[in-house]
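Asks: Just final.txt, nothing more (compact mmCIF, C-alpha atoms and all ligand atoms):
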```txt
# COMPACT_ATOMS: atom_id res chain seq x y z
CA MET I 1 40.02 -55.54 -4.68
CA GLU I 2 39.09 -53.15 -7.49
CA GLN I 3 35.46 -54.24 -7.35
CA ARG I 4 35.40 -53.72 -3.61
CA ILE I 5 36.81 -50.20 -3.97
CA GLU I 6 34.34 -49.49 -6.75
CA ARG I 7 31.45 -50.56 -4.55
CA LEU I 8 32.63 -48.49 -1.58
CA GLN I 9 33.17 -45.42 -3.75
CA ALA I 10 29.82 -45.74 -5.50
CA GLY I 11 27.84 -44.76 -2.40
CA GLY I 12 29.38 -41.28 -2.54
CA ILE I 13 31.93 -39.62 -0.30
CA ILE I 14 31.28 -36.71 2.04
CA ASP I 15 34.00 -34.10 2.60
CA LEU I 16 32.89 -31.52 5.13
CA HIS I 17 35.51 -28.85 4.51
CA PHE I 18 36.41 -27.21 1.22
CA ASP I 19 37.35 -23.55 0.60
CA LEU I 20 35.30 -23.28 -2.56
CA PRO I 21 33.30 -20.03 -2.02
CA MET I 22 36.42 -17.92 -1.53
CA ASP I 23 37.89 -19.17 -4.81
CA LEU I 24 34.62 -18.60 -6.68
CA TYR I 25 34.55 -15.08 -5.25
CA GLU I 26 38.10 -14.30 -6.37
CA LYS I 27 37.16 -15.55 -9.86
CA ARG I 28 33.82 -13.70 -9.91
CA GLU I 29 34.56 -12.06 -13.26
CA ARG I 30 34.33 -15.49 -14.84
CA GLU I 31 31.44 -17.88 -15.45
CA ASN I 32 31.12 -21.64 -15.00
CA VAL I 33 34.17 -21.93 -12.75
CA LEU I 34 32.49 -24.71 -10.75
CA ALA I 35 31.77 -26.80 -13.85
CA ALA I 36 35.12 -26.18 -15.51
CA GLU I 37 37.53 -26.33 -12.59
CA PHE I 38 35.89 -28.45 -9.90
CA LEU I 39 33.31 -30.81 -11.37
CA PRO I 40 35.79 -33.18 -13.09
CA GLU I 41 37.76 -33.87 -9.90
CA LEU I 42 34.66 -34.12 -7.71
CA LYS I 43 33.13 -36.60 -10.17
CA ALA I 44 36.35 -38.59 -10.49
CA GLY I 45 36.46 -38.95 -6.70
CA ASN I 46 32.76 -39.92 -6.31
CA ILE I 47 32.11 -36.93 -4.07
CA GLY I 48 28.48 -36.89 -2.92
CA VAL I 49 28.46 -33.97 -0.47
CA VAL I 50 30.93 -31.14 0.05
CA GLY I 51 30.87 -28.72 2.96
CA VAL I 52 31.77 -25.42 1.28
CA ALA I 53 33.11 -22.88 3.74
CA ILE I 54 32.53 -19.16 3.70
CA TYR I 55 35.83 -17.76 4.90
CA ILE I 56 36.94 -14.15 4.96
CA GLU I 57 40.60 -13.39 4.37
CA ASP I 58 42.34 -10.85 6.62
CA ARG I 59 42.47 -8.20 3.91
CA TYR I 60 38.65 -7.91 3.91
CA LEU I 61 38.36 -7.45 7.68
CA PRO I 62 36.54 -5.93 9.33
CA ASP I 63 34.45 -3.67 7.11
CA ALA I 64 33.97 -5.83 4.02
CA ALA I 65 33.44 -9.14 5.85
CA LEU I 66 29.65 -9.14 5.57
CA ARG I 67 29.61 -8.03 1.94
CA VAL I 68 32.23 -10.57 0.85
CA ALA I 69 30.41 -13.37 2.70
CA LEU I 70 27.16 -12.49 0.92
CA ASP I 71 28.99 -12.26 -2.40
CA GLN I 72 30.53 -15.69 -1.84
CA ILE I 73 27.04 -17.13 -1.33
CA ALA I 74 25.83 -15.27 -4.43
CA ARG I 75 28.60 -16.96 -6.45
CA LEU I 76 27.52 -20.35 -5.09
CA PHE I 77 23.92 -19.74 -6.18
CA ALA I 78 24.92 -18.43 -9.60
CA GLU I 79 27.42 -21.22 -10.26
CA THR I 80 25.07 -24.02 -9.16
CA GLN I 81 22.28 -22.59 -11.27
CA ALA I 82 24.61 -22.73 -14.25
CA CYS I 83 25.60 -26.31 -13.49
CA PRO I 84 22.61 -28.43 -12.38
CA THR I 85 24.89 -31.32 -11.36
CA PHE I 86 25.18 -29.40 -8.09
CA ALA I 87 22.47 -28.77 -5.52
CA ILE I 88 22.71 -26.49 -2.50
CA CYS I 89 21.19 -28.54 0.31
CA LYS I 90 19.55 -27.15 3.41
CA SER I 91 18.13 -30.28 5.01
CA TYR I 92 18.81 -33.98 5.42
CA HIS I 93 15.95 -34.56 2.99
CA ASP I 94 17.67 -32.33 0.40
CA VAL I 95 20.88 -34.35 0.79
CA GLU I 96 19.01 -37.64 0.37
CA LYS I 97 17.31 -36.25 -2.74
CA ALA I 98 20.64 -35.10 -4.21
CA PHE I 99 22.08 -38.59 -3.65
CA LYS I 100 19.10 -40.16 -5.40
CA GLU I 101 19.38 -37.80 -8.35
CA ASP I 102 23.12 -38.41 -8.59
CA LYS I 103 23.86 -34.75 -7.89
CA ILE I 104 26.69 -33.32 -5.83
CA ALA I 105 25.24 -31.74 -2.70
CA LEU I 106 26.78 -28.54 -1.40
CA LEU I 107 26.33 -27.80 2.28
CA VAL I 108 27.15 -24.17 2.99
CA THR I 109 29.25 -23.71 6.12
CA MET I 110 30.93 -20.75 7.77
CA GLU I 111 34.51 -20.79 9.02
CA GLY I 112 34.82 -17.84 11.37
CA ALA I 113 31.88 -15.70 12.51
CA GLU I 114 33.45 -12.44 11.27
CA PRO I 115 30.61 -11.72 8.78
CA LEU I 116 28.18 -11.47 11.71
CA GLY I 117 30.17 -8.89 13.65
CA THR I 118 28.18 -8.90 16.87
CA ASP I 119 24.77 -8.99 15.21
CA LEU I 120 23.00 -12.20 16.13
CA ASP I 121 20.11 -11.41 13.76
CA LEU I 122 22.49 -11.93 10.86
CA LEU I 123 22.76 -15.61 11.80
CA ARG I 124 19.08 -15.88 10.87
CA ILE I 125 19.81 -14.26 7.50
CA PHE I 126 22.67 -16.64 6.77
CA TYR I 127 20.47 -19.52 7.88
CA GLU I 128 17.83 -18.46 5.37
CA LEU I 129 20.55 -18.35 2.71
CA GLY I 130 21.52 -21.94 3.49
CA VAL I 131 24.32 -21.81 6.06
CA ARG I 132 24.03 -25.05 8.03
CA SER I 133 27.29 -25.28 9.95
CA MET I 134 29.20 -22.70 11.97
CA GLY I 135 32.80 -22.74 13.15
CA LEU I 136 33.17 -19.73 15.42
CA THR I 137 36.75 -18.86 14.56
CA HIS I 138 39.65 -19.51 12.25
CA ALA I 139 43.14 -19.12 13.80
CA ARG I 140 42.55 -15.49 14.74
CA SER I 141 40.35 -13.95 17.44
CA ASN I 142 37.01 -12.34 16.65
CA GLU I 143 33.86 -11.10 18.39
CA ALA I 144 32.85 -14.69 19.23
CA GLY I 145 36.06 -16.18 20.57
CA HIS I 146 39.66 -17.15 19.93
CA GLY I 147 41.29 -19.59 17.53
CA GLY I 148 43.77 -22.27 18.56
CA ILE I 149 47.26 -21.34 17.47
CA PHE I 150 49.65 -23.42 15.39
CA ALA I 151 51.93 -24.17 18.34
CA SER I 152 51.73 -26.65 21.21
CA SER I 153 50.80 -23.94 23.72
CA GLY I 154 50.07 -20.25 23.89
CA SER I 155 46.51 -19.88 22.61
CA SER I 156 44.34 -17.40 24.45
CA LYS I 157 43.18 -18.72 27.82
CA GLU I 158 39.90 -16.88 27.30
CA GLY I 159 36.82 -18.84 26.34
CA LEU I 160 33.93 -17.56 24.26
CA THR I 161 32.73 -14.01 24.53
CA GLU I 162 29.17 -13.30 25.62
CA PHE I 163 28.29 -12.92 21.93
CA GLY I 164 30.02 -16.21 21.17
CA ARG I 165 27.92 -17.98 23.78
CA ASP I 166 24.71 -16.45 22.44
CA LEU I 167 25.73 -17.44 18.93
CA VAL I 168 26.31 -21.06 19.94
CA ARG I 169 22.93 -21.25 21.69
CA GLU I 170 21.19 -19.72 18.68
CA CYS I 171 22.92 -22.14 16.28
CA GLU I 172 21.78 -25.09 18.34
CA ALA I 173 18.22 -23.71 18.47
CA LEU I 174 18.04 -22.97 14.73
CA GLY I 175 19.68 -26.18 13.51
CA VAL I 176 23.08 -24.87 12.45
CA ILE I 177 25.64 -27.60 13.19
CA ILE I 178 28.28 -26.35 15.62
CA ASP I 179 31.79 -27.00 14.34
CA LEU I 180 34.68 -26.98 16.82
CA ALA I 181 37.46 -26.90 14.21
CA HIS I 182 40.05 -24.19 15.01
CA ILE I 183 38.59 -23.08 18.34
CA ASN I 184 41.06 -22.69 21.23
CA PRO I 185 40.93 -25.21 24.11
CA ALA I 186 39.07 -22.81 26.45
CA GLY I 187 36.44 -22.09 23.80
CA PHE I 188 36.12 -25.80 23.10
CA ASN I 189 35.20 -26.43 26.74
CA ASP I 190 32.73 -23.53 26.76
CA ILE I 191 30.90 -24.87 23.72
CA LEU I 192 30.68 -28.34 25.27
CA SER I 193 29.25 -26.88 28.45
CA ILE I 194 26.41 -24.89 26.85
CA THR I 195 25.20 -27.40 24.22
CA THR I 196 23.61 -30.83 24.25
CA LYS I 197 23.56 -31.99 20.60
CA PRO I 198 26.34 -34.03 18.93
CA LEU I 199 29.16 -31.66 18.03
CA ILE I 200 31.50 -31.90 15.08
CA VAL I 201 35.07 -30.97 14.27
CA SER I 202 34.82 -30.65 10.50
CA HIS I 203 38.54 -30.68 9.65
CA THR I 204 41.31 -31.32 12.12
CA ASN I 205 44.15 -33.64 13.03
CA VAL I 206 45.14 -35.38 16.22
CA ARG I 207 47.77 -33.79 18.43
CA ARG I 208 49.45 -37.15 18.88
CA TYR I 209 50.88 -36.77 15.36
CA TYR I 210 50.93 -32.99 15.04
CA ASP I 211 51.01 -31.32 18.42
CA ILE I 212 49.51 -27.88 17.94
CA GLU I 213 46.53 -26.30 19.68
CA ARG I 214 44.79 -25.93 16.33
CA ASN I 215 44.47 -29.74 16.40
CA ILE I 216 42.71 -31.90 18.99
CA SER I 217 43.98 -33.74 22.04
CA ASP I 218 42.93 -37.21 23.16
CA ASP I 219 40.79 -35.66 25.93
CA GLN I 220 39.00 -33.51 23.37
CA ILE I 221 38.46 -36.50 21.08
CA GLU I 222 36.88 -38.35 23.98
CA MET I 223 34.61 -35.41 24.80
CA ILE I 224 33.36 -35.40 21.18
CA GLY I 225 32.87 -39.16 21.40
CA GLU I 226 30.77 -38.90 24.57
CA ARG I 227 28.48 -36.54 22.63
CA HIS I 228 28.26 -38.99 19.71
CA GLY I 229 29.89 -36.28 17.63
CA VAL I 230 32.08 -36.73 14.57
CA ILE I 231 35.63 -35.63 13.74
CA GLY I 232 36.65 -35.04 10.11
CA ILE I 233 40.31 -35.72 9.36
CA ASN I 234 42.25 -32.97 7.59
CA SER I 235 44.74 -33.84 4.85
CA VAL I 236 47.09 -30.86 5.10
CA LEU I 237 48.20 -31.07 8.75
CA VAL I 238 48.91 -34.77 9.19
CA SER I 239 52.52 -34.08 10.18
CA PRO I 240 54.83 -31.11 10.59
CA ASN I 241 57.32 -32.97 8.36
CA GLU I 242 57.07 -33.33 4.63
CA GLU I 243 58.44 -36.88 4.63
CA GLU I 244 55.84 -38.02 7.16
CA SER I 245 52.95 -36.42 5.28
CA THR I 246 51.77 -39.62 3.69
CA LEU I 247 48.51 -41.41 3.05
CA ASP I 248 49.44 -43.94 5.73
CA ARG I 249 49.87 -41.13 8.25
CA TYR I 250 46.43 -39.77 7.20
CA VAL I 251 44.96 -43.17 8.03
CA ASP I 252 46.93 -43.17 11.32
CA HIS I 253 44.84 -40.12 12.33
CA ILE I 254 41.62 -41.96 11.40
CA GLU I 255 42.77 -45.01 13.33
CA HIS I 256 43.73 -42.98 16.39
CA VAL I 257 40.27 -41.40 16.63
CA ALA I 258 38.61 -44.78 15.95
CA ASN I 259 40.67 -46.41 18.71
CA LEU I 260 39.56 -43.76 21.19
CA ILE I 261 35.88 -43.33 20.33
CA GLY I 262 35.05 -45.96 17.70
CA THR I 263 34.54 -45.75 13.95
CA ASP I 264 31.22 -43.94 14.54
CA GLY I 265 33.22 -40.84 15.50
CA VAL I 266 35.52 -40.33 12.53
CA ALA I 267 34.95 -39.01 9.02
CA ILE I 268 36.44 -36.83 6.30
CA GLY I 269 37.25 -33.10 6.15
CA PHE I 270 40.02 -33.03 3.57
CA ASP I 271 40.54 -29.25 3.45
CA PHE I 272 42.16 -29.54 0.03
CA PHE I 273 43.50 -26.12 -0.83
CA GLU I 274 46.50 -26.68 -2.99
CA PHE I 275 44.45 -25.20 -5.84
CA ILE I 276 44.36 -21.92 -3.92
CA TYR I 277 47.86 -22.15 -2.46
CA SER I 278 49.41 -22.71 -5.87
CA GLN I 279 47.84 -19.45 -7.11
CA TRP I 280 49.56 -17.44 -4.38
CA PRO I 281 52.73 -15.43 -4.89
CA GLU I 282 55.80 -16.52 -2.88
CA SER I 283 55.26 -13.60 -0.49
CA ALA I 284 51.82 -14.93 0.52
CA LYS I 285 53.19 -18.43 1.06
CA LYS I 286 55.94 -16.99 3.23
CA GLU I 287 53.38 -15.00 5.21
CA LEU I 288 51.30 -18.13 5.84
CA ALA I 289 54.40 -20.04 6.97
CA GLU I 290 55.30 -17.27 9.41
CA LYS I 291 51.77 -16.71 10.71
CA LEU I 292 50.53 -20.30 10.84
CA THR I 293 52.40 -23.09 9.14
CA THR I 294 53.53 -24.52 5.83
CA PRO I 295 50.85 -26.94 4.62
CA GLN I 296 52.19 -30.37 3.68
CA PHE I 297 50.17 -31.83 0.83
CA ILE I 298 49.98 -35.63 0.71
CA PRO I 299 51.26 -36.68 -2.73
CA ASP I 300 48.52 -39.26 -3.41
CA LEU I 301 45.75 -37.40 -1.54
CA ARG I 302 45.93 -33.85 -2.81
CA SER I 303 42.59 -33.39 -4.55
CA HIS I 304 39.10 -34.85 -4.66
CA SER I 305 40.07 -37.02 -7.61
CA HIS I 306 42.33 -39.03 -5.24
CA THR I 307 39.69 -40.45 -2.89
CA ARG I 308 40.04 -43.92 -4.41
CA ASN I 309 43.60 -44.06 -3.01
CA LEU I 310 42.19 -43.46 0.46
CA THR I 311 39.52 -46.12 0.10
CA ARG I 312 42.15 -48.62 -1.06
CA LYS I 313 44.38 -47.72 1.88
CA LEU I 314 41.52 -48.18 4.37
CA VAL I 315 40.91 -51.65 2.93
CA GLU I 316 44.62 -52.48 3.12
CA ARG I 317 44.78 -51.29 6.70
CA GLY I 318 42.08 -53.76 7.70
CA PHE I 319 38.93 -51.67 8.03
CA SER I 320 35.74 -53.56 7.24
CA ASP I 321 33.38 -52.39 4.49
CA GLU I 322 30.88 -51.30 7.11
CA GLU I 323 33.52 -49.20 8.88
CA ILE I 324 34.76 -47.66 5.64
CA GLU I 325 31.23 -46.67 4.64
CA LYS I 326 30.76 -44.92 7.97
CA ILE I 327 34.04 -43.05 7.61
CA LEU I 328 33.40 -42.04 4.00
CA ARG I 329 29.77 -40.94 4.45
CA GLY I 330 27.64 -42.67 7.07
CA ASN I 331 28.84 -40.71 10.07
CA TRP I 332 28.29 -37.32 8.47
CA LEU I 333 24.88 -38.48 7.23
CA ARG I 334 23.95 -39.35 10.81
CA ILE I 335 24.93 -35.83 11.91
CA PHE I 336 22.86 -34.30 9.08
CA GLU I 337 19.89 -36.44 10.06
CA GLU I 338 20.16 -35.35 13.69
CA TRP I 339 20.66 -31.64 13.01
CA LEU I 340 19.12 -30.69 9.66
ZN ZN I 401 40.30 -24.41 8.48
```
Could you show the structure in this file as structure tokens?
Ligand SMILES: [Zn+2]
Replies:
Amino acid sequence: MEQRIERLQAGGIIDLHFDLPMDLYEKRERENVLAAEFLPELKAGNIGVVGVAIYIEDRYLPDAALRVALDQIARLFAETQACPTFAICKSYHDVEKAFKEDKIALLVTMEGAEPLGTDLDLLRIFYELGVRSMGLTHARSNEAGHGGIFASSGSSKEGLTEFGRDLVRECEALGVIIDLAHINPAGFNDILSITTKPLIVSHTNVRRYYDIERNISDDQIEMIGERHGVIGINSVLVSPNEEESTLDRYVDHIEHVANLIGTDGVAIGFDFFEFIYSQWPESAKKELAEKLTTPQFIPDLRSHSHTRNLTRKLVERGFSDEEIEKILRGNWLRIFEEWL
């Protein structure tokens, strides 16, 4: 068993959603944060690629959104220059090269189009800086569209704005992977209707186990499957209840997607953010609980160093090695190859 886990881990694991840039930005007075605070856990968990999301907190909106986004990217460049174990990757070839050189590839993503305002030309700038995946919204509304709320109904019935539609078309043309995580159901349908490439949902959970519009329904899972898209399973919204927030329930989400669209359609988007959450004062935690939800961290899957527990659980639950390799990396690699 241990040898089998070792072998499955050794190929590298791809996690497509991590709030790293925002933390680096908040710690911008310091140097080597990436090497000191993140490298050990990423190494321990055999992480090969991480999708690092530019995200702008409410307090910077609207005026500072662009500046903070650019500063977050600046921190990524400075920190990776200081620690050559990391490589910012802009193409499938770059990712392959990073794997070969035993480096950890960072794929820069954007969660919420707020930094663009309504200026489509800025997408080109962010593309040049390395942004390779775009989720139009977080939970809130912006110039592109509306987020799905953390309740079983009540999200905006409006789809994308005209700008949102232009942005999606431009992403598809440029080669910026379109990420449907967080978008409301109407926006989800709009994006499907104006694109043709395989779409992703970088970090989400299935509504069967956590019924909120921020997550995805069986119909939506099937729509992604028909596109040969991929859904990354989130570790902090596996259940509304603390006692049901277990590693087995995490694998239930994987299994549910696999049952509907096959193991080609499911992957990893851990969204680990306990390291940020734990830095917050009680007032901020209370605000998050009131506005969205209280995250439930899975005891044995709460940081990148815990990926071995997941691999072991997938083996125990009867997945074949071939299936596990697809879930841990192969499916995201296929998306990179098709888009980047
Ligand atoms: Zn998110």
Asks: List every residue of chain I that has an atom at most 12 Å from any atom of ligand ZN 401 (chain I), giving for each one its closest atom pair and the distance in Å to one decimal, counting all atoms listed in the file, sorted by chain and then by ascending residue number, as CSV.
Replies:
```
residue,atom,partner,partner_atom,distance
I:Leu16,CA,I:ZN401,ZN,10.8
I:His17,CA,I:ZN401,ZN,7.6
I:Phe18,CA,I:ZN401,ZN,8.7
I:Asp19,CA,I:ZN401,ZN,8.5
I:Gly51,CA,I:ZN401,ZN,11.7
I:Val52,CA,I:ZN401,ZN,11.2
I:Ala53,CA,I:ZN401,ZN,8.7
I:Ile54,CA,I:ZN401,ZN,10.5
I:Tyr55,CA,I:ZN401,ZN,8.8
I:Ile56,CA,I:ZN401,ZN,11.4
I:Glu57,CA,I:ZN401,ZN,11.8
I:Thr109,CA,I:ZN401,ZN,11.3
I:Met110,CA,I:ZN401,ZN,10.1
I:Glu111,CA,I:ZN401,ZN,6.8
I:Gly112,CA,I:ZN401,ZN,9.0
I:Met134,CA,I:ZN401,ZN,11.8
I:Gly135,CA,I:ZN401,ZN,9.0
I:Leu136,CA,I:ZN401,ZN,11.0
I:Thr137,CA,I:ZN401,ZN,9.0
I:His138,CA,I:ZN401,ZN,6.2
I:Ala139,CA,I:ZN401,ZN,8.0
I:Arg140,CA,I:ZN401,ZN,11.1
I:Gly147,CA,I:ZN401,ZN,10.3
I:Gly148,CA,I:ZN401,ZN,10.9
I:Ile149,CA,I:ZN401,ZN,11.8
I:Phe150,CA,I:ZN401,ZN,11.7
I:Asp179,CA,I:ZN401,ZN,10.7
I:Leu180,CA,I:ZN401,ZN,10.4
I:Ala181,CA,I:ZN401,ZN,6.9
I:His182,CA,I:ZN401,ZN,6.5
I:Ile183,CA,I:ZN401,ZN,10.1
I:Val201,CA,I:ZN401,ZN,10.2
I:Ser202,CA,I:ZN401,ZN,8.5
I:His203,CA,I:ZN401,ZN,6.6
I:Thr204,CA,I:ZN401,ZN,7.9
I:Asn205,CA,I:ZN401,ZN,11.0
I:Arg214,CA,I:ZN401,ZN,9.2
I:Asn215,CA,I:ZN401,ZN,10.4
I:Gly232,CA,I:ZN401,ZN,11.4
I:Ile233,CA,I:ZN401,ZN,11.3
I:Asn234,CA,I:ZN401,ZN,8.8
I:Ser235,CA,I:ZN401,ZN,11.0
I:Val236,CA,I:ZN401,ZN,10.0
I:Leu237,CA,I:ZN401,ZN,10.3
I:Gly269,CA,I:ZN401,ZN,9.5
I:Phe270,CA,I:ZN401,ZN,9.9
I:Asp271,CA,I:ZN401,ZN,7.0
I:Phe272,CA,I:ZN401,ZN,10.1
I:Phe273,CA,I:ZN401,ZN,10.0
I:Leu292,CA,I:ZN401,ZN,11.3
I:Pro295,CA,I:ZN401,ZN,11.5
```
Asks: Residues within 12 Å of Lys27 in chain I, please, as a PDB file with C-alpha atoms, keeping the file's coordinate frame. Count all atoms listed in the file; anything in the same chain fewer than 6 positions from it doesn't count.
Replies:
```pdb
ATOM      1  CA  LEU I  20      35.300 -23.280  -2.560  1.00  0.00           C
ATOM      2  CA  PRO I  21      33.300 -20.030  -2.020  1.00  0.00           C
ATOM      3  CA  VAL I  33      34.170 -21.930 -12.750  1.00  0.00           C
ATOM      4  CA  LEU I  34      32.490 -24.710 -10.750  1.00  0.00           C
ATOM      5  CA  GLU I  37      37.530 -26.330 -12.590  1.00  0.00           C
ATOM      6  CA  ASP I  71      28.990 -12.260  -2.400  1.00  0.00           C
ATOM      7  CA  GLN I  72      30.530 -15.690  -1.840  1.00  0.00           C
ATOM      8  CA  ARG I  75      28.600 -16.960  -6.450  1.00  0.00           C
ATOM      9  CA  LEU I  76      27.520 -20.350  -5.090  1.00  0.00           C
ATOM     10  CA  GLU I  79      27.420 -21.220 -10.260  1.00  0.00           C
ATOM     11  CA  ILE I 276      44.360 -21.920  -3.920  1.00  0.00           C
ATOM     12  CA  GLN I 279      47.840 -19.450  -7.110  1.00  0.00           C
TER      13      GLN I 279
END
```
Asks: Please report, as a tab-separated table, each residue of range 3-112 of chain I lying at most 8 Å from range 310-329 of chain I, together with the nearest pair of atoms and the separation in Å rounded to one decimal; use all atoms listed in the file, and order rows by chain and ascending residue number.
Replies:
```
residue	atom	partner	partner_atom	distance
I:Ile5	CA	I:Arg312	CA	6.3
I:Leu8	CA	I:Glu325	CA	6.6
I:Gln9	CA	I:Thr311	CA	7.5
I:Gly12	CA	I:Arg329	CA	7.0
I:Ile13	CA	I:Leu328	CA	5.1
I:Ile14	CA	I:Arg329	CA	5.1
```
Asks: Please produce a file of those selected residues containing C-alpha atoms, as a short mmCIF file (atom, residue, chain, number, x, y, z; two decimals), in the coordinates of the input.
Replies:
```
data_model
loop_
_atom_site.label_atom_id
_atom_site.label_comp_id
_atom_site.auth_asym_id
_atom_site.auth_seq_id
_atom_site.Cartn_x
_atom_site.Cartn_y
_atom_site.Cartn_z
CA ILE I 5 36.81 -50.20 -3.97
CA LEU I 8 32.63 -48.49 -1.58
CA GLN I 9 33.17 -45.42 -3.75
CA GLY I 12 29.38 -41.28 -2.54
CA ILE I 13 31.93 -39.62 -0.30
CA ILE I 14 31.28 -36.71 2.04
#
```
Asks: Which distance in Å separates CA of Ile177 in chain I and CA of Val206 in chain I, to one decimal?
Replies: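 Here the two named atoms are 21.2 Å from each other.
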Asks: Between I:Tyr210, I:Val257, I:Asp102, I:Val50, single out the one closest to Glu244 in chain I, counting all atoms listed in the file.
Replies: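 Distance minimum relative to Glu244 in chain I lands on I:Tyr210.
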Asks: Have a look at I:Met22, I:Leu120, I:Ile47, I:Ala173 and name the one nearest to Lys103 in chain I; count all atoms listed in the file.
Replies: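 So, comparing all the options, the nearest one is I:Ile47.
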Asks: Just the number, please: distance in Å from CA of Ser303 in chain I to CA of Glu41 in chain I, one decimal.
Replies: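 Distance reported for this atom pair: 7.2 Å.
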Asks: Which polymer residues have any atom within 12 Å of an atom of Ala74 in chain I, counting all atoms listed in the file, with same-chain residues fewer than 3 positions away left out, as number ranges by chain?
Replies: I: 21-22, 24-25, 28, 54, 67-71, 77-81, 88, 108, 126, 129-130
Asks: For CA of Ile73 in chain I and CA of Asn331 in chain I, quote the distance in Å rounded to one decimal.
Replies: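 Straight-line distance from CA of Ile73 in chain I to CA of Asn331 in chain I works out to 26.3 Å.
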Asks: Point out the residue among I:Gln296, I:Asn189, I:Ser217, I:Thr263 with the least atom-to-atom distance to Arg249 in chain I, counting all atoms listed in the file.
Replies: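 Of I:Gln296, I:Asn189, I:Ser217, I:Thr263, the one nearest Arg249 in chain I is I:Gln296, counting all atoms listed in the file.
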Asks: Which of these, I:Glu162, I:Asp119, I:Glu338, I:Glu172, has the shortest distance to Leu66 in chain I once you count all atoms listed in the file?
Replies: I:Asp119
